[in-house]
>>> print(open('structure.pdb').read())   # PDB, C-alpha atoms
MODEL        1
ATOM      1  CA  MET O   1       0.000   0.000   0.000
ATOM      2  CA  HIS O   2       1.276   3.473  -0.881
ATOM      3  CA  LYS O   3       2.137   5.462   2.233
ATOM      4  CA  GLU O   4      -0.214   8.135   0.863
ATOM      5  CA  LEU O   5      -3.097   5.660   1.180
ATOM      6  CA  ILE O   6      -2.419   5.494   4.915
ATOM      7  CA  THR O   7      -2.966   9.261   5.024
ATOM      8  CA  ILE O   8      -6.151   8.844   2.961
ATOM      9  CA  GLU O   9      -7.375   6.265   5.462
ATOM     10  CA  LEU O  10      -6.854   8.856   8.219
ATOM     11  CA  ILE O  11      -8.735  11.400   6.092
ATOM     12  CA  ARG O  12     -11.565   8.912   5.608
ATOM     13  CA  ASN O  13     -11.823   8.408   9.367
ATOM     14  CA  SER O  14     -11.857  12.164   9.931
ATOM     15  CA  LEU O  15     -14.639  12.674   7.371
ATOM     16  CA  ALA O  16     -16.631   9.832   8.947
ATOM     17  CA  ARG O  17     -16.362  11.456  12.389
ATOM     18  CA  LYS O  18     -17.681  14.673  10.856
ATOM     19  CA  LYS O  19     -20.572  12.721   9.271
ATOM     20  CA  ILE O  20     -19.379  13.699   5.792
ATOM     21  CA  LEU O  21     -18.905  10.011   4.993
ATOM     22  CA  SER O  22     -21.052   7.144   6.238
ATOM     23  CA  GLU O  23     -19.628   4.088   7.962
ATOM     24  CA  THR O  24     -21.139   1.977   5.174
ATOM     25  CA  THR O  25     -21.820   2.586   1.496
ATOM     26  CA  SER O  26     -25.088   1.337   0.070
ATOM     27  CA  ASN O  27     -25.585   3.072  -3.282
ATOM     28  CA  ILE O  28     -23.783   4.742  -6.170
ATOM     29  CA  ASP O  29     -25.166   8.185  -5.340
ATOM     30  CA  GLU O  30     -23.114   8.345  -2.125
ATOM     31  CA  ILE O  31     -19.920   7.885  -4.137
ATOM     32  CA  TYR O  32     -21.074  10.277  -6.847
ATOM     33  CA  ASN O  33     -21.925  13.020  -4.326
ATOM     34  CA  PHE O  34     -18.532  12.692  -2.647
ATOM     35  CA  PHE O  35     -16.603  13.167  -5.882
ATOM     36  CA  LYS O  36     -18.937  15.915  -7.022
ATOM     37  CA  LYS O  37     -18.020  17.809  -3.858
ATOM     38  CA  ALA O  38     -14.343  16.971  -4.338
ATOM     39  CA  SER O  39     -14.487  18.433  -7.857
ATOM     40  CA  GLN O  40     -15.667  21.733  -6.372
ATOM     41  CA  SER O  41     -12.955  21.888  -3.709
ATOM     42  CA  LYS O  42     -11.537  25.198  -2.608
ATOM     43  CA  ASN O  43      -8.113  25.912  -1.175
ATOM     44  CA  SER O  44      -9.300  25.217   2.376
ATOM     45  CA  ASP O  45     -10.755  21.775   1.560
ATOM     46  CA  PHE O  46      -7.516  19.980   2.358
ATOM     47  CA  HIS O  47      -9.084  16.533   2.670
ATOM     48  CA  TYR O  48     -10.489  16.614  -0.844
ATOM     49  CA  LEU O  49      -7.407  18.267  -2.321
ATOM     50  CA  TYR O  50      -5.145  15.573  -0.894
ATOM     51  CA  ILE O  51      -7.313  12.877  -2.506
ATOM     52  CA  LEU O  52      -7.301  14.715  -5.846
ATOM     53  CA  ASN O  53      -3.526  15.025  -5.638
ATOM     54  CA  TYR O  54      -3.236  11.281  -5.045
ATOM     55  CA  ILE O  55      -5.513  10.462  -7.999
ATOM     56  CA  PHE O  56      -3.467  12.666 -10.303
ATOM     57  CA  ASN O  57      -0.071  11.302  -9.261
ATOM     58  CA  PHE O  58      -0.923   7.602  -9.059
ATOM     59  CA  ILE O  59      -3.847   7.107 -11.455
ATOM     60  CA  SER O  60      -4.512   9.806 -14.052
ATOM     61  CA  SER O  61      -1.244  11.480 -15.014
ATOM     62  CA  ASP O  62       0.450  10.455 -18.252
ATOM     63  CA  LYS O  63       3.340   9.015 -16.226
ATOM     64  CA  VAL O  64       1.172   6.260 -14.730
ATOM     65  CA  SER O  65      -2.188   6.109 -16.543
ATOM     66  CA  LYS O  66      -1.197   3.367 -18.988
ATOM     67  CA  ARG O  67       0.159   1.079 -16.298
ATOM     68  CA  LYS O  68      -2.144  -1.831 -15.489
ATOM     69  CA  THR O  69      -1.495  -1.209 -11.807
ATOM     70  CA  SER O  70      -3.261   2.169 -11.932
ATOM     71  CA  SER O  71      -6.629   0.390 -12.156
ATOM     72  CA  ARG O  72      -5.957  -1.573  -8.975
ATOM     73  CA  VAL O  73      -4.669   1.568  -7.262
ATOM     74  CA  PHE O  74      -7.974   3.272  -8.099
ATOM     75  CA  GLU O  75      -9.909   0.348  -6.618
ATOM     76  CA  ASP O  76      -7.759   0.481  -3.464
ATOM     77  CA  LEU O  77      -8.508   4.188  -3.129
ATOM     78  CA  LEU O  78     -12.274   3.691  -3.495
ATOM     79  CA  ALA O  79     -12.235   0.791  -1.039
ATOM     80  CA  ILE O  80     -10.515   2.935   1.598
ATOM     81  CA  ILE O  81     -12.634   6.061   1.156
ATOM     82  CA  PHE O  82     -15.952   4.209   1.126
ATOM     83  CA  ASN O  83     -15.038   1.474   3.600
ATOM     84  CA  GLY O  84     -15.286  -1.453   1.223
ATOM     85  CA  ASP O  85     -13.366  -4.567   0.253
ATOM     86  CA  ILE O  86     -11.561  -5.467  -2.956
ATOM     87  CA  ALA O  87     -13.651  -8.310  -4.366
ATOM     88  CA  ASP O  88     -10.573 -10.349  -5.395
ATOM     89  CA  ASP O  89      -9.460 -10.367  -1.750
ATOM     90  CA  VAL O  90     -12.778 -11.759  -0.486
ATOM     91  CA  PRO O  91     -13.453 -15.542  -0.630
ATOM     92  CA  ARG O  92     -16.587 -15.969  -2.756
ATOM     93  CA  GLU O  93     -18.527 -18.790  -4.346
ATOM     94  CA  ASN O  94     -20.879 -18.847  -7.304
ATOM     95  CA  ASN O  95     -24.426 -18.299  -6.078
ATOM     96  CA  ILE O  96     -26.406 -20.597  -8.352
ATOM     97  CA  SER O  97     -29.582 -20.212  -6.272
ATOM     98  CA  ILE O  98     -30.318 -16.832  -7.875
ATOM     99  CA  VAL O  99     -29.715 -17.910 -11.483
ATOM    100  CA  PRO O 100     -32.884 -17.931 -13.661
ATOM    101  CA  ASP O 101     -34.266 -21.415 -14.304
ATOM    102  CA  SER O 102     -33.900 -20.940 -18.052
ATOM    103  CA  PHE O 103     -30.154 -21.503 -17.513
ATOM    104  CA  GLN O 104     -30.802 -24.731 -15.612
ATOM    105  CA  ASN O 105     -27.922 -26.712 -17.142
ATOM    106  CA  VAL O 106     -25.299 -23.968 -16.955
ATOM    107  CA  LYS O 107     -26.109 -22.233 -13.682
ATOM    108  CA  ASP O 108     -22.549 -22.401 -12.366
ATOM    109  CA  LYS O 109     -21.119 -20.766 -15.505
ATOM    110  CA  ILE O 110     -23.627 -17.903 -15.472
ATOM    111  CA  ALA O 111     -23.211 -17.416 -11.717
ATOM    112  CA  GLY O 112     -19.441 -17.226 -12.287
ATOM    113  CA  ASN O 113     -19.906 -14.510 -14.923
ATOM    114  CA  LYS O 114     -21.938 -12.469 -12.445
ATOM    115  CA  ARG O 115     -19.510 -13.017  -9.544
ATOM    116  CA  GLU O 116     -16.570 -11.809 -11.632
ATOM    117  CA  LYS O 117     -18.235  -8.460 -12.394
ATOM    118  CA  ALA O 118     -17.906  -7.084  -8.854
ATOM    119  CA  ASP O 119     -14.676  -5.212  -8.128
ATOM    120  CA  LEU O 120     -15.676  -3.696  -4.772
ATOM    121  CA  ILE O 121     -18.015  -4.997  -2.087
ATOM    122  CA  PHE O 122     -19.455  -2.803   0.671
ATOM    123  CA  ASN O 123     -21.286  -3.708   3.867
ATOM    124  CA  ARG O 124     -20.712  -7.382   3.085
ATOM    125  CA  GLN O 125     -21.475  -8.570   6.623
ATOM    126  CA  GLU O 126     -25.062  -7.326   6.453
ATOM    127  CA  THR O 127     -26.606  -6.269   3.115
ATOM    128  CA  PRO O 128     -23.779  -6.464   0.573
ATOM    129  CA  TYR O 129     -23.591  -3.829  -2.144
ATOM    130  CA  SER O 130     -21.240  -4.399  -5.093
ATOM    131  CA  ILE O 131     -19.942  -2.195  -7.861
ATOM    132  CA  SER O 132     -17.853  -2.712 -10.978
ATOM    133  CA  VAL O 133     -14.978  -0.303 -11.654
ATOM    134  CA  LYS O 134     -13.660   0.360 -15.169
ATOM    135  CA  THR O 135     -10.728   2.646 -15.980
ATOM    136  CA  LEU O 136      -9.693   3.662 -19.479
ATOM    137  CA  VAL O 137      -7.245   6.045 -21.069
ATOM    138  CA  GLN O 138      -8.814   8.716 -23.258
ATOM    139  CA  GLU O 139      -7.780   7.039 -26.528
ATOM    140  CA  ASN O 140      -9.441   3.720 -25.660
ATOM    141  CA  THR O 141     -13.099   3.882 -26.676
ATOM    142  CA  GLU O 142     -13.790   0.210 -25.915
ATOM    143  CA  ILE O 143     -14.729  -1.194 -22.508
ATOM    144  CA  ASN O 144     -14.002  -4.781 -21.514
ATOM    145  CA  MET O 145     -17.137  -5.829 -19.625
ATOM    146  CA  GLY O 146     -15.730  -9.207 -18.638
ATOM    147  CA  SER O 147     -16.989 -12.736 -19.169
ATOM    148  CA  PHE O 148     -20.309 -13.116 -20.937
ATOM    149  CA  GLU O 149     -20.499 -16.810 -21.702
ATOM    150  CA  LYS O 150     -20.646 -17.078 -25.493
ATOM    151  CA  GLN O 151     -21.176 -20.845 -25.527
ATOM    152  CA  VAL O 152     -24.283 -20.396 -23.371
ATOM    153  CA  LEU O 153     -25.612 -17.388 -25.289
ATOM    154  CA  TYR O 154     -25.355 -19.039 -28.700
ATOM    155  CA  ASP O 155     -26.117 -22.594 -27.578
ATOM    156  CA  GLY O 156     -28.854 -24.244 -29.650
ATOM    157  CA  LEU O 157     -28.804 -21.590 -32.373
ATOM    158  CA  GLY O 158     -26.815 -23.697 -34.824
ATOM    159  CA  VAL O 159     -23.849 -21.337 -35.036
ATOM    160  CA  GLU O 160     -21.197 -23.330 -33.184
ATOM    161  CA  SER O 161     -18.809 -23.117 -36.149
ATOM    162  CA  TYR O 162     -19.093 -19.330 -36.196
ATOM    163  CA  LEU O 163     -18.015 -18.570 -32.629
ATOM    164  CA  ASN O 164     -14.410 -17.755 -33.428
ATOM    165  CA  GLU O 165     -12.866 -14.657 -31.946
ATOM    166  CA  ARG O 166     -10.438 -12.285 -33.637
ATOM    167  CA  LYS O 167     -10.263 -13.497 -37.267
ATOM    168  CA  ALA O 168     -13.192 -15.397 -38.786
ATOM    169  CA  THR O 169     -12.063 -18.695 -40.349
ATOM    170  CA  ASN O 170     -15.197 -19.550 -42.355
ATOM    171  CA  LYS O 171     -15.951 -18.502 -45.929
ATOM    172  CA  GLU O 172     -18.905 -16.329 -44.786
ATOM    173  CA  LYS O 173     -16.528 -14.283 -42.568
ATOM    174  CA  ILE O 174     -18.904 -14.739 -39.634
ATOM    175  CA  GLY O 175     -17.500 -14.590 -36.124
ATOM    176  CA  LEU O 176     -17.300 -12.703 -32.834
ATOM    177  CA  GLY O 177     -14.021 -10.853 -33.251
ATOM    178  CA  SER O 178     -15.268  -7.582 -34.753
ATOM    179  CA  ARG O 179     -18.377  -5.504 -35.316
ATOM    180  CA  SER O 180     -18.516  -6.536 -39.000
ATOM    181  CA  GLN O 181     -18.238 -10.237 -38.110
ATOM    182  CA  LEU O 182     -21.017  -9.867 -35.544
ATOM    183  CA  GLN O 183     -23.179  -8.035 -38.055
ATOM    184  CA  ARG O 184     -22.895 -10.968 -40.444
ATOM    185  CA  LEU O 185     -23.691 -13.364 -37.597
ATOM    186  CA  PHE O 186     -26.841 -11.435 -36.654
ATOM    187  CA  LYS O 187     -27.950 -11.362 -40.294
ATOM    188  CA  PHE O 188     -27.486 -15.132 -40.408
ATOM    189  CA  LEU O 189     -29.680 -15.476 -37.316
ATOM    190  CA  GLN O 190     -32.331 -13.240 -38.873
ATOM    191  CA  LYS O 191     -32.269 -15.105 -42.189
ATOM    192  CA  ASN O 192     -32.845 -18.372 -40.357
ATOM    193  CA  ASN O 193     -35.611 -16.911 -38.118
ATOM    194  CA  ILE O 194     -33.677 -17.503 -34.899
ATOM    195  CA  TYR O 195     -32.665 -13.946 -34.014
ATOM    196  CA  ASN O 196     -35.672 -13.666 -31.670
ATOM    197  CA  ASN O 197     -34.337 -16.631 -29.682
ATOM    198  CA  PHE O 198     -30.944 -14.948 -29.485
ATOM    199  CA  GLU O 199     -32.512 -11.661 -28.353
ATOM    200  CA  LYS O 200     -34.424 -13.388 -25.554
ATOM    201  CA  LYS O 201     -31.326 -15.198 -24.243
ATOM    202  CA  PHE O 202     -29.128 -12.117 -24.609
ATOM    203  CA  SER O 203     -31.545  -9.888 -22.683
ATOM    204  CA  GLU O 204     -32.000 -12.442 -19.909
ATOM    205  CA  MET O 205     -28.253 -12.875 -19.474
ATOM    206  CA  VAL O 206     -27.712  -9.104 -19.461
ATOM    207  CA  ARG O 207     -30.369  -8.578 -16.760
ATOM    208  CA  PHE O 208     -28.781 -11.198 -14.537
ATOM    209  CA  ILE O 209     -25.065 -10.583 -15.093
ATOM    210  CA  PHE O 210     -24.912  -6.783 -15.329
ATOM    211  CA  ASP O 211     -27.228  -5.581 -12.566
ATOM    212  CA  ASP O 212     -24.392  -4.176 -10.397
ATOM    213  CA  ASP O 213     -23.730  -0.432 -10.512
ATOM    214  CA  MET O 214     -20.589   0.742 -12.289
ATOM    215  CA  ILE O 215     -17.990   3.498 -12.054
ATOM    216  CA  LEU O 216     -16.265   4.349 -15.319
ATOM    217  CA  ALA O 217     -13.165   6.551 -15.087
ATOM    218  CA  ILE O 218     -11.510   7.970 -18.210
ATOM    219  CA  LYS O 219      -7.921   9.069 -17.575
ATOM    220  CA  ASN O 220      -6.588  12.024 -19.535
ATOM    221  CA  ASP O 221      -3.532  13.341 -17.661
ATOM    222  CA  SER O 222      -4.733  16.470 -15.841
ATOM    223  CA  ILE O 223      -8.421  15.573 -16.301
ATOM    224  CA  LEU O 224     -10.320  12.548 -15.001
ATOM    225  CA  GLU O 225     -13.877  12.014 -16.204
ATOM    226  CA  MET O 226     -15.966   9.866 -13.864
ATOM    227  CA  TYR O 227     -19.310   8.332 -14.794
ATOM    228  CA  PHE O 228     -21.536   6.752 -12.153
ATOM    229  CA  ILE O 229     -23.810   4.264 -13.881
ATOM    230  CA  LYS O 230     -26.661   2.400 -12.274
ATOM    231  CA  GLY O 231     -26.929  -1.250 -13.204
ATOM    232  CA  ASN O 232     -30.508  -0.824 -14.373
ATOM    233  CA  ASP O 233     -29.473   1.950 -16.756
ATOM    234  CA  PHE O 234     -26.768  -0.191 -18.324
ATOM    235  CA  VAL O 235     -29.130  -3.153 -18.600
ATOM    236  CA  ASN O 236     -31.758  -0.956 -20.258
ATOM    237  CA  LEU O 237     -29.188   0.417 -22.714
ATOM    238  CA  LEU O 238     -28.400  -3.084 -23.960
ATOM    239  CA  THR O 239     -31.837  -4.703 -23.804
ATOM    240  CA  SER O 240     -33.613  -1.749 -25.426
ATOM    241  CA  ARG O 241     -31.416  -2.210 -28.519
ATOM    242  CA  ALA O 242     -31.366  -5.996 -28.590
ATOM    243  CA  ASN O 243     -34.386  -6.386 -30.907
ATOM    244  CA  ASN O 244     -32.571  -4.478 -33.650
ATOM    245  CA  PRO O 245     -29.153  -5.874 -34.649
ATOM    246  CA  ASP O 246     -27.911  -2.564 -36.072
ATOM    247  CA  GLN O 247     -28.897  -0.744 -32.874
ATOM    248  CA  LEU O 248     -27.292  -3.424 -30.714
ATOM    249  CA  LEU O 249     -24.077  -3.072 -32.686
ATOM    250  CA  THR O 250     -23.848   0.605 -31.781
ATOM    251  CA  VAL O 251     -23.024  -0.624 -28.269
ATOM    252  CA  VAL O 252     -21.642  -4.178 -28.601
ATOM    253  CA  ASN O 253     -18.327  -4.367 -30.481
ATOM    254  CA  ARG O 254     -17.028  -7.924 -30.204
ATOM    255  CA  TRP O 255     -15.955 -10.817 -27.982
ATOM    256  CA  GLU O 256     -12.385 -11.531 -26.927
ATOM    257  CA  GLY O 257     -11.363 -14.284 -24.538
ATOM    258  CA  ASN O 258     -15.058 -14.893 -23.786
ATOM    259  CA  SER O 259     -15.290 -11.265 -22.650
ATOM    260  CA  ILE O 260     -17.773  -8.942 -24.285
ATOM    261  CA  ARG O 261     -16.397  -5.593 -25.441
ATOM    262  CA  ILE O 262     -18.636  -2.546 -25.778
ATOM    263  CA  ASN O 263     -18.372   0.944 -27.258
ATOM    264  CA  ARG O 264     -18.289   3.540 -24.497
ATOM    265  CA  LYS O 265     -19.904   6.308 -26.597
ATOM    266  CA  HIS O 266     -23.579   5.546 -26.015
ATOM    267  CA  LEU O 267     -22.940   4.474 -22.448
ATOM    268  CA  ILE O 268     -21.460   7.786 -21.339
ATOM    269  CA  GLU O 269     -23.698  10.045 -23.407
ATOM    270  CA  ASN O 270     -26.717   8.596 -21.602
ATOM    271  CA  THR O 271     -25.198   8.885 -18.117
ATOM    272  CA  ILE O 272     -26.470  11.808 -16.027
ATOM    273  CA  ARG O 273     -24.114  11.280 -13.083
ATOM    274  CA  LYS O 274     -20.838  12.687 -14.335
ATOM    275  CA  VAL O 275     -17.976  14.356 -12.483
ATOM    276  CA  VAL O 276     -14.884  15.930 -14.014
ATOM    277  CA  LEU O 277     -11.840  16.177 -11.783
ATOM    278  CA  ASP O 278      -9.564  18.941 -13.041
ATOM    279  CA  PHE O 279      -6.143  18.545 -11.457
ATOM    280  CA  ASN O 280      -4.891  21.857 -12.838
ATOM    281  CA  ILE O 281      -6.373  23.527  -9.748
ATOM    282  CA  LEU O 282      -3.854  21.774  -7.505
ATOM    283  CA  ASP O 283      -1.033  24.160  -8.398
ATOM    284  CA  LYS O 284      -3.211  27.029  -7.200
ATOM    285  CA  THR O 285      -3.775  25.532  -3.753
ATOM    286  CA  VAL O 286      -1.913  24.663  -0.584
ATOM    287  CA  ILE O 287      -1.240  21.235  -2.121
ATOM    288  CA  LYS O 288       1.525  22.748  -4.277
ATOM    289  CA  ASN O 289       3.299  23.890  -1.118
ATOM    290  CA  ILE O 290       2.863  20.435   0.381
ATOM    291  CA  ASN O 291       4.305  18.782  -2.740
ATOM    292  CA  ASP O 292       7.221  21.227  -2.649
ATOM    293  CA  PHE O 293       7.663  20.473   1.040
ATOM    294  CA  ASP O 294       7.670  16.719   0.425
ATOM    295  CA  LEU O 295      10.251  16.994  -2.364
ATOM    296  CA  HIS O 296      12.402  19.337  -0.334
ATOM    297  CA  LEU O 297      12.213  17.040   2.690
ATOM    298  CA  HIS O 298      13.659  14.127   0.720
ATOM    299  CA  GLN O 299      16.319  16.321  -0.818
ATOM    300  CA  SER O 300      17.231  17.451   2.691
ATOM    301  CA  TYR O 301      17.804  13.875   3.829
ATOM    302  CA  LEU O 302      20.464  13.493   1.152
ATOM    303  CA  GLU O 303      22.045  16.880   1.837
ATOM    304  CA  TYR O 304      22.231  16.154   5.549
ATOM    305  CA  PHE O 305      23.798  12.685   5.258
ATOM    306  CA  ASP O 306      26.191  13.826   2.527
ATOM    307  CA  ALA O 307      27.334  16.852   4.534
ATOM    308  CA  ASP O 308      29.763  14.952   6.823
ATOM    309  CA  SER O 309      31.515  17.541   9.013
ATOM    310  CA  LYS O 310      29.207  20.377   7.883
ATOM    311  CA  ARG O 311      26.003  18.760   9.134
ATOM    312  CA  THR O 312      25.350  21.428  11.761
ATOM    313  CA  GLU O 313      25.553  24.156   9.138
ATOM    314  CA  VAL O 314      23.336  22.220   6.708
ATOM    315  CA  ARG O 315      20.845  21.486   9.490
ATOM    316  CA  GLU O 316      20.385  25.197  10.199
ATOM    317  CA  GLU O 317      19.887  25.947   6.496
ATOM    318  CA  ILE O 318      17.287  23.190   6.198
ATOM    319  CA  LEU O 319      15.369  24.384   9.258
ATOM    320  CA  ALA O 320      15.323  27.937   7.934
ATOM    321  CA  GLU O 321      13.928  26.741   4.617
ATOM    322  CA  PHE O 322      11.257  24.696   6.403
ATOM    323  CA  GLU O 323      10.218  27.734   8.448
ATOM    324  CA  GLU O 324       9.764  29.628   5.197
ATOM    325  CA  LEU O 325       7.551  26.846   3.862
ATOM    326  CA  PHE O 326       5.419  26.836   7.028
ATOM    327  CA  ASP O 327       4.997  30.590   6.644
ATOM    328  CA  LYS O 328       3.592  29.892   3.167
ATOM    329  CA  PHE O 329       1.148  27.384   4.681
ATOM    330  CA  ASN O 330      -0.009  30.003   7.156
ATOM    331  CA  ASN O 331      -0.526  32.557   4.396
ATOM    332  CA  GLU O 332      -2.551  30.060   2.334
ATOM    333  CA  LEU O 333      -4.752  29.259   5.318
ATOM    334  CA  GLY O 334      -5.121  32.865   6.388
ATOM    335  CA  ILE O 335      -3.438  32.301   9.755
TER     336      ILE O 335
ENDMDL
END
>>> encode(input="structure.pdb", output="structure tokens")
Amino acid sequence: MHKELITIELIRNSLARKKILSETTSNIDEIYNFFKKASQSKNSDFHYLYILNYIFNFISSDKVSKRKTSSRVFEDLLAIIFNGDIADDVPRENNISIVPDSFQNVKDKIAGNKREKADLIFNRQETPYSISVKTLVQENTEINMGSFEKQVLYDGLGVESYLNERKATNKEKIGLGSRSQLQRLFKFLQKNNIYNNFEKKFSEMVRFIFDDDMILAIKNDSILEMYFIKGNDFVNLLTSRANNPDQLLTVVNRWEGNSIRINRKHLIENTIRKVVLDFNILDKTVIKNINDFDLHLHQSYLEYFDADSKRTEVREEILAEFEELFDKFNNELGI
């Protein structure tokens, strides 16, 4: 864990004591409202500014945004602030008791697809609430929504030979690896009067697997766009287009590794809960002085231990510089 996350845990506890944060998180609006307030932070809102500074340095900035670890760091941050657990760290089993009876013979597979969607779990000892967290860089317009069992979805439709991913290997160029391959597959289903069966299975799987709420974060260096999407809204987006293949293909792109990939465009344009974190404000706040202080502190360690016989002299210089920095803090805070 980053040492900064320890500070954020202390901040979380402070905000909870002040009743700004609840001890438990039970819905997406609580998370949305917190970040909405953070996006409007002023110079005196140190707690929020510190969190924004962490997000910029370890998640959104160009230096780190393309690292795979930045996604996990974001999940760790959310888990700490909202008192949740990382789903991968929690022992879980497939809950086949809640799977619709229409998937009688594959209940464990479908239950596994649903279980894998949760990234964070809150209040798990009482009434668990789960969310999925997706992070993308600005250039990536496709979202990996995770496993969506293709063998189950297309079972019984007579298209087993067409379920190849990436490059289609049949003469009709039908497959799952691209939007054009899927379009040909859907036309095949329509031509053979079985698209309605596909639509019914697709919609039922979507309603069961994707009912958790979702946070989508788009990283763009000094800007982070956050979308807070209710599970029902995402389900409605997909199911409302399922009866028309061309409409469905405006959202669904392809399959890869049994994971369904979707186009983010229509998802975010229909999302009303949006927050933009603009990290450019940080240089105009007390956080800049804190960052300067932190850098200077580490430089001072080296100067002090490299000084040998002149350590007393260096010590006095360092203390004088620190006093100057604390004077800046006082000026920023109006003390």
>>> resolve_selection(input="structure.pdb", expression="the PyMOL selection byres ((chain O and resi 230) around 9)", output="PyMOL selection string")
chain O and resi 28+211-215+228-229+231-235+271
>>> resolve_selection(input="structure.pdb", expression="the PyMOL selection byres ((chain O and resi 268) around 12)", output="MDAnalysis selection string")
chainID O and resid 141:143 214:218 225:230 233:234 237 251 262:267 269:275
>>> closest_residue(input="structure.pdb", among="O:Arg12, O:Lys134, O:Lys63, O:Lys191", to="Phe34 (chain O)", atoms="only C-alpha atoms")
O:Arg12
>>> atom_distance(input="structure.pdb", atom1="CA of Ala87 (chain O)", atom2="CA of Lys117 (chain O)")
9.2 Å
>>> resolve_selection(input="structure.pdb", expression="the PyMOL selection byres ((chain O and resi 278) around 12)", output="MDAnalysis selection string")
chainID O and resid 35:36 38:41 49 52:53 55:56 60:61 219:226 275:277 279:284
>>> closest_residue(input="structure.pdb", among="O:Ile131, O:Ile121, O:Leu77, O:Val90", to="Asp29 (chain O)", atoms="all atoms listed in the file")
O:Ile131
>>> axis_aligned_box(input="structure.pdb", around="region 156-170 of chain O", padding_each_side="6 Å", output="AutoDock Vina command-line options")
--center_x -19.6 --center_y -18.3 --center_z -36.0 --size_x 30.6 --size_y 24.0 --size_z 24.7
>>> closest_residue(input="structure.pdb", among="O:Asp62, O:Glu199, O:Asp119, O:Asp101", to="Met145 (chain O)", atoms="all atoms listed in the file")
O:Asp119
>>> closest_residue(input="structure.pdb", among="O:Glu323, O:Glu9, O:Asp155, O:Asp246", to="Ile194 (chain O)", atoms="only C-alpha atoms")
O:Asp155
>>> closest_residue(input="structure.pdb", among="O:His47, O:Arg72, O:Arg254, O:Lys200", to="Gly146 (chain O)", atoms="only C-alpha atoms")
O:Arg254
>>> closest_atom_pairs(input="structure.pdb", of="region 130-162 of chain O", to="region 109-112 of chain O", cutoff="10 Å", atoms="only C-alpha atoms", output="tab-separated table")
residue	atom	partner	partner_atom	distance
O:Ser147	CA	O:Gly112	CA	8.6
O:Phe148	CA	O:Ile110	CA	8.0
O:Glu149	CA	O:Ile110	CA	7.1
O:Val152	CA	O:Ile110	CA	8.3
>>> atom_distance(input="structure.pdb", atom1="CA of Ser65 (chain O)", atom2="CA of Leu120 (chain O)")
20.4 Å
>>> closest_residue(input="structure.pdb", among="O:Leu78, O:Leu189, O:Val286, O:Leu153", to="Ile260 (chain O)", atoms="all atoms listed in the file")
O:Leu153
>>> atom_distance(input="structure.pdb", atom1="CA of Leu21 (chain O)", atom2="CA of Phe122 (chain O)")
13.5 Å
>>> residues_around(input="structure.pdb", residues="Ser22 (chain O)", least_positions_apart="6", cutoff="10 Å", atoms="only C-alpha atoms", output="ChimeraX atom specification")
/O:12-13,15-16,30,81-83
>>> residues_around(input="structure.pdb", residues="region 178-185 of chain O", least_positions_apart="2", cutoff="12 Å", atoms="only C-alpha atoms", output="ChimeraX atom specification")
/O:142,154,157-176,187-192,194-195,198,244-256,260-263
>>> residues_near_point(input="structure.pdb", point="(-21.2, -15.1, -11.5)", cutoff="9 Å", atoms="only C-alpha atoms", output="mmCIF file with C-alpha atoms, in the frame of the given file")
data_model
loop_
_atom_site.group_PDB
_atom_site.id
_atom_site.type_symbol
_atom_site.label_atom_id
_atom_site.label_comp_id
_atom_site.auth_asym_id
_atom_site.auth_seq_id
_atom_site.Cartn_x
_atom_site.Cartn_y
_atom_site.Cartn_z
ATOM 1 C CA GLU O 93 -18.527 -18.790 -4.346
ATOM 2 C CA ASN O 94 -20.879 -18.847 -7.304
ATOM 3 C CA ASN O 95 -24.426 -18.299 -6.078
ATOM 4 C CA ILE O 96 -26.406 -20.597 -8.352
ATOM 5 C CA VAL O 99 -29.715 -17.910 -11.483
ATOM 6 C CA LYS O 107 -26.109 -22.233 -13.682
ATOM 7 C CA ASP O 108 -22.549 -22.401 -12.366
ATOM 8 C CA LYS O 109 -21.119 -20.766 -15.505
ATOM 9 C CA ILE O 110 -23.627 -17.903 -15.472
ATOM 10 C CA ALA O 111 -23.211 -17.416 -11.717
ATOM 11 C CA GLY O 112 -19.441 -17.226 -12.287
ATOM 12 C CA ASN O 113 -19.906 -14.510 -14.923
ATOM 13 C CA LYS O 114 -21.938 -12.469 -12.445
ATOM 14 C CA ARG O 115 -19.510 -13.017 -9.544
ATOM 15 C CA GLU O 116 -16.570 -11.809 -11.632
ATOM 16 C CA LYS O 117 -18.235 -8.460 -12.394
ATOM 17 C CA ILE O 209 -25.065 -10.583 -15.093
#
>>> residues_around(input="structure.pdb", residues="Thr69 (chain O)", least_positions_apart="2", cutoff="12 Å", atoms="only C-alpha atoms", output="VMD selection string")
chain O and resid 1 58 to 60 64 to 67 71 to 76 135
>>> decode(input="structure.pdb", residues="region 172-188 of chain O", atoms="C-alpha atoms", output="JSON list (two decimals), in the first residue's frame")
[["chain", "number", "residue", "atom", "x", "y", "z"],
["O", 172, "GLU", "CA", -18.90, -16.33, -44.79],
["O", 173, "LYS", "CA", -16.53, -14.28, -42.57],
["O", 174, "ILE", "CA", -18.90, -14.74, -39.63],
["O", 175, "GLY", "CA", -17.50, -14.59, -36.12],
["O", 176, "LEU", "CA", -17.30, -12.70, -32.83],
["O", 177, "GLY", "CA", -14.02, -10.85, -33.25],
["O", 178, "SER", "CA", -15.27, -7.58, -34.75],
["O", 179, "ARG", "CA", -18.38, -5.50, -35.32],
["O", 180, "SER", "CA", -18.52, -6.54, -39.00],
["O", 181, "GLN", "CA", -18.24, -10.24, -38.11],
["O", 182, "LEU", "CA", -21.02, -9.87, -35.54],
["O", 183, "GLN", "CA", -23.18, -8.03, -38.06],
["O", 184, "ARG", "CA", -22.89, -10.97, -40.44],
["O", 185, "LEU", "CA", -23.69, -13.36, -37.60],
["O", 186, "PHE", "CA", -26.84, -11.43, -36.65],
["O", 187, "LYS", "CA", -27.95, -11.36, -40.29],
["O", 188, "PHE", "CA", -27.49, -15.13, -40.41]]
